[in-house]
Amino acid sequence: RVWNFSAGPAAMPQAVLERAQRELLDWQGCGASVMELSHRGKLFMGLAQQAEADLRELLAIPDNYAVLFLQGGATQHFAQIPMNLAGEGESADYVVTGHWGEKAVSEARPYVTVNVAASSKDENYLRLPPRASWQLNPRAAYVHYTTNETIHGVQFHDVPEVGDVPLVADMSSDILSGPVDVSKFGLIYAGAQKNIGPSGLVVLIVRRDLLERTTRPMARIFRYADHAANDSMLNTPNTWGWYLAGLTFQWLKEQGGVAAMRERNLAKATLLYDAIDGSGGFYRCPVEHAARSRMNVPFTLHDSALDADFLKASEAAGLLALKGHKAVGGMRASIYNAVPLEAAQALVDFMGDFAKRHG
Ligand code: PLP
């Protein structure tokens with residue numbers, strides 16, 4: 001297999017894929033594939049409970065939080081979060097640090113009055129707006145932010161202090177990449193397709209008292225309280241995604257948990273940023289040092305005329321999906337949990353070699 005630097009759907013741990021392959025036709029000796037089993041049967045219910053227990057252990061999720069395994073992608077929850085957390089006529093604060101924060105705002109607007117409390121758009125999202133500049137409303141229903149902006153490569157390395165207002169975080173592209181104090185959040189959500197499993201699954205961790213926040217009418221399928229009361233089985237869940245998420249959680253535990261992942265992710269990111277900064281200007285990362293993402297590393301070549309050559313040669317060298325997002329151009333190396341240090345080293349070696357040949 002190649003080294004996969006895709007931003008998403010992203011590389012999965014090799015060991016997880018191999019195990020899923022071994023178990024595909026006959027899951028735990030039951031004679032059927034896990035994706036053929038009834039989600040309400042004892043076998044699948046056991047798997048679902050184990051996945052939740054493992055995630056609770058990995059992130060030390062307190063008991064007063066519900067863990068939901070939902071669908072719709074993170075995008076659907078951009079809309080569902082205000083539906084559930086904001087009452088009629090309430091407003092919510094949004095801190096916008098890149099493309100996904102912008103999307104969260106536009107999808108929320110039909111359901112809540114949005115106050116953009118801070119934004120780094122004027123600085124092309126190359127840094128985080130300093131906490132002191134945030135115009136927070138103490139009566140807001142919640143404060144929303146994106147912990148890691150996948151396209152712009154900016155990441156919060158600390159949880160911002162927002163007082164008593166519930167903090168809501170889109171952690172789609174950095175969940176489980178390191179320890180996080182869940183008790184500081186009202187709600188955490190993540191599309192699975194970076195650090196959890198295949199796309200089509202969303203993991204949502206919500207403080208239970210917030211489930212009763214609104215009485216506004218909505219279909220049950222949109223109401224988190226109904227999902228929580230039905231163990232995320234209000235309708236047929238994404239059983240295949242749930243199963244693979246469970247395998248990934250087990251793999252993470254075998255790796256030493258999220259503390260070990262943080263060290264590994266830091267080592268990969270340091271390797272890459274050092275190579276970029278030390279390239280004598282051949283490569284450049286425009287993001288401010290303190291805000292640089294440990295998951296998505298955007299960089300440019302000193303001459304964009306070399307971009308096509310770089311992509312062609314990297315692919316030939318077994319380094320996949322390095323093309324940057326069209327919104328920022330250049331290159332982007334996504335180095336999620338499943339990407340080993342060896343892959344980052346292979347990329348750094350290739351970059352050094354390419355610079356030598358074209359410098
Ligand atoms: N939020 C972030 C940070 C993302 O990176 C993405 C997708 O890449 C999304 C939200 C949207 O997720 P989905 O495509 O699952 O709706």
# chains A, B, ... in the order shown; residues from 1 in each chain; ligands from 1
>>> closest_atom_pairs(of="chain A", to="ligand 1", cutoff="7 Å", atoms="only C-alpha atoms and all ligand atoms", output="CSV")
residue,atom,partner,partner_atom_place_in_ligand_line,distance
A:Gly8,CA,ligand 1,8 (O),5.9
A:Gly72,CA,ligand 1,16 (O),6.7
A:Gly73,CA,ligand 1,15 (O),3.4
A:Ala74,CA,ligand 1,16 (O),3.9
A:Thr75,CA,ligand 1,16 (O),3.6
A:Gln76,CA,ligand 1,16 (O),6.4
A:Trp100,CA,ligand 1,1 (N),5.1
A:Thr146,CA,ligand 1,3 (C),6.2
A:Asn148,CA,ligand 1,3 (C),6.0
A:Glu149,CA,ligand 1,3 (C),5.3
A:Thr150,CA,ligand 1,5 (O),4.7
A:Asp170,CA,ligand 1,1 (N),6.0
A:Met171,CA,ligand 1,3 (C),6.2
A:Ser172,CA,ligand 1,3 (C),4.7
A:Ser173,CA,ligand 1,3 (C),5.1
A:Gly191,CA,ligand 1,15 (O),4.5
A:Ser199,CA,ligand 1,15 (O),6.5
A:Gly200,CA,ligand 1,15 (O),6.9
>>> residues_around(residues="range 336-346 of chain A", least_positions_apart="6", cutoff="9 Å", atoms="only C-alpha atoms", output="PyMOL selection string")
chain A and resi 3-5+7+10-14+173-174+176-177+194-195+252+261-262+264-265+267-269+271-272+294-296+319
>>> residues_around(residues="Gly329 in chain A", least_positions_apart="5", cutoff="8 Å", atoms="only C-alpha atoms", output="list in words")
Thr300, Lys323 and Gly324 of chain A
>>> closest_residue(among="A:Val159, A:Asn115, A:Val154, A:Met35", to="Ala141 in chain A", atoms="only C-alpha atoms")
A:Asn115
>>> closest_residue(among="A:Arg332, A:Lys312, A:His99, A:Arg223", to="Ser293 in chain A", atoms="only C-alpha atoms")
A:Arg332
>>> residues_around(residues="range 178-184 of chain A", least_positions_apart="5", cutoff="8 Å", atoms="only C-alpha atoms", output="list in words")
Leu59, Ala60, Ile61, Pro62, Val159, Leu167, Val258, Ala259, Ala260, Met261 and Arg262 of chain A
>>> write_last_selection(atoms="N, CA and C atoms", output="PDB file, in the first residue's frame")
ATOM      1  N   LEU A  59     -11.061   8.820  26.037  1.00  0.00           N
ATOM      2  CA  LEU A  59     -11.168  10.269  26.258  1.00  0.00           C
ATOM      3  C   LEU A  59     -11.582  10.612  27.687  1.00  0.00           C
ATOM      4  N   ALA A  60     -11.629   9.599  28.548  1.00  0.00           N
ATOM      5  CA  ALA A  60     -12.054   9.803  29.946  1.00  0.00           C
ATOM      6  C   ALA A  60     -13.345  10.628  29.998  1.00  0.00           C
ATOM      7  N   ILE A  61     -14.352  10.156  29.268  1.00  0.00           N
ATOM      8  CA  ILE A  61     -15.616  10.907  29.167  1.00  0.00           C
ATOM      9  C   ILE A  61     -16.415  10.724  30.457  1.00  0.00           C
ATOM     10  N   PRO A  62     -16.748  11.822  31.126  1.00  0.00           N
ATOM     11  CA  PRO A  62     -17.501  11.683  32.389  1.00  0.00           C
ATOM     12  C   PRO A  62     -18.900  11.093  32.156  1.00  0.00           C
ATOM     13  N   VAL A 159      -7.811  24.562  25.116  1.00  0.00           N
ATOM     14  CA  VAL A 159      -9.263  24.798  25.100  1.00  0.00           C
ATOM     15  C   VAL A 159      -9.513  26.236  25.563  1.00  0.00           C
ATOM     16  N   LEU A 167     -19.538  25.225  25.631  1.00  0.00           N
ATOM     17  CA  LEU A 167     -18.594  25.283  24.515  1.00  0.00           C
ATOM     18  C   LEU A 167     -18.875  24.095  23.584  1.00  0.00           C
ATOM     19  N   VAL A 258      -4.556   8.007  23.784  1.00  0.00           N
ATOM     20  CA  VAL A 258      -4.408   9.316  23.131  1.00  0.00           C
ATOM     21  C   VAL A 258      -3.146  10.056  23.584  1.00  0.00           C
ATOM     22  N   ALA A 259      -2.644   9.757  24.759  1.00  0.00           N
ATOM     23  CA  ALA A 259      -1.397  10.417  25.197  1.00  0.00           C
ATOM     24  C   ALA A 259      -0.255   9.984  24.270  1.00  0.00           C
ATOM     25  N   ALA A 260      -0.214   8.699  23.946  1.00  0.00           N
ATOM     26  CA  ALA A 260       0.818   8.210  23.024  1.00  0.00           C
ATOM     27  C   ALA A 260       0.606   8.792  21.629  1.00  0.00           C
ATOM     28  N   MET A 261      -0.670   8.933  21.239  1.00  0.00           N
ATOM     29  CA  MET A 261      -0.944   9.510  19.911  1.00  0.00           C
ATOM     30  C   MET A 261      -0.452  10.949  19.841  1.00  0.00           C
ATOM     31  N   ARG A 262      -0.624  11.687  20.921  1.00  0.00           N
ATOM     32  CA  ARG A 262      -0.159  13.080  20.897  1.00  0.00           C
ATOM     33  C   ARG A 262       1.355  13.140  20.645  1.00  0.00           C
TER      34      ARG A 262
END
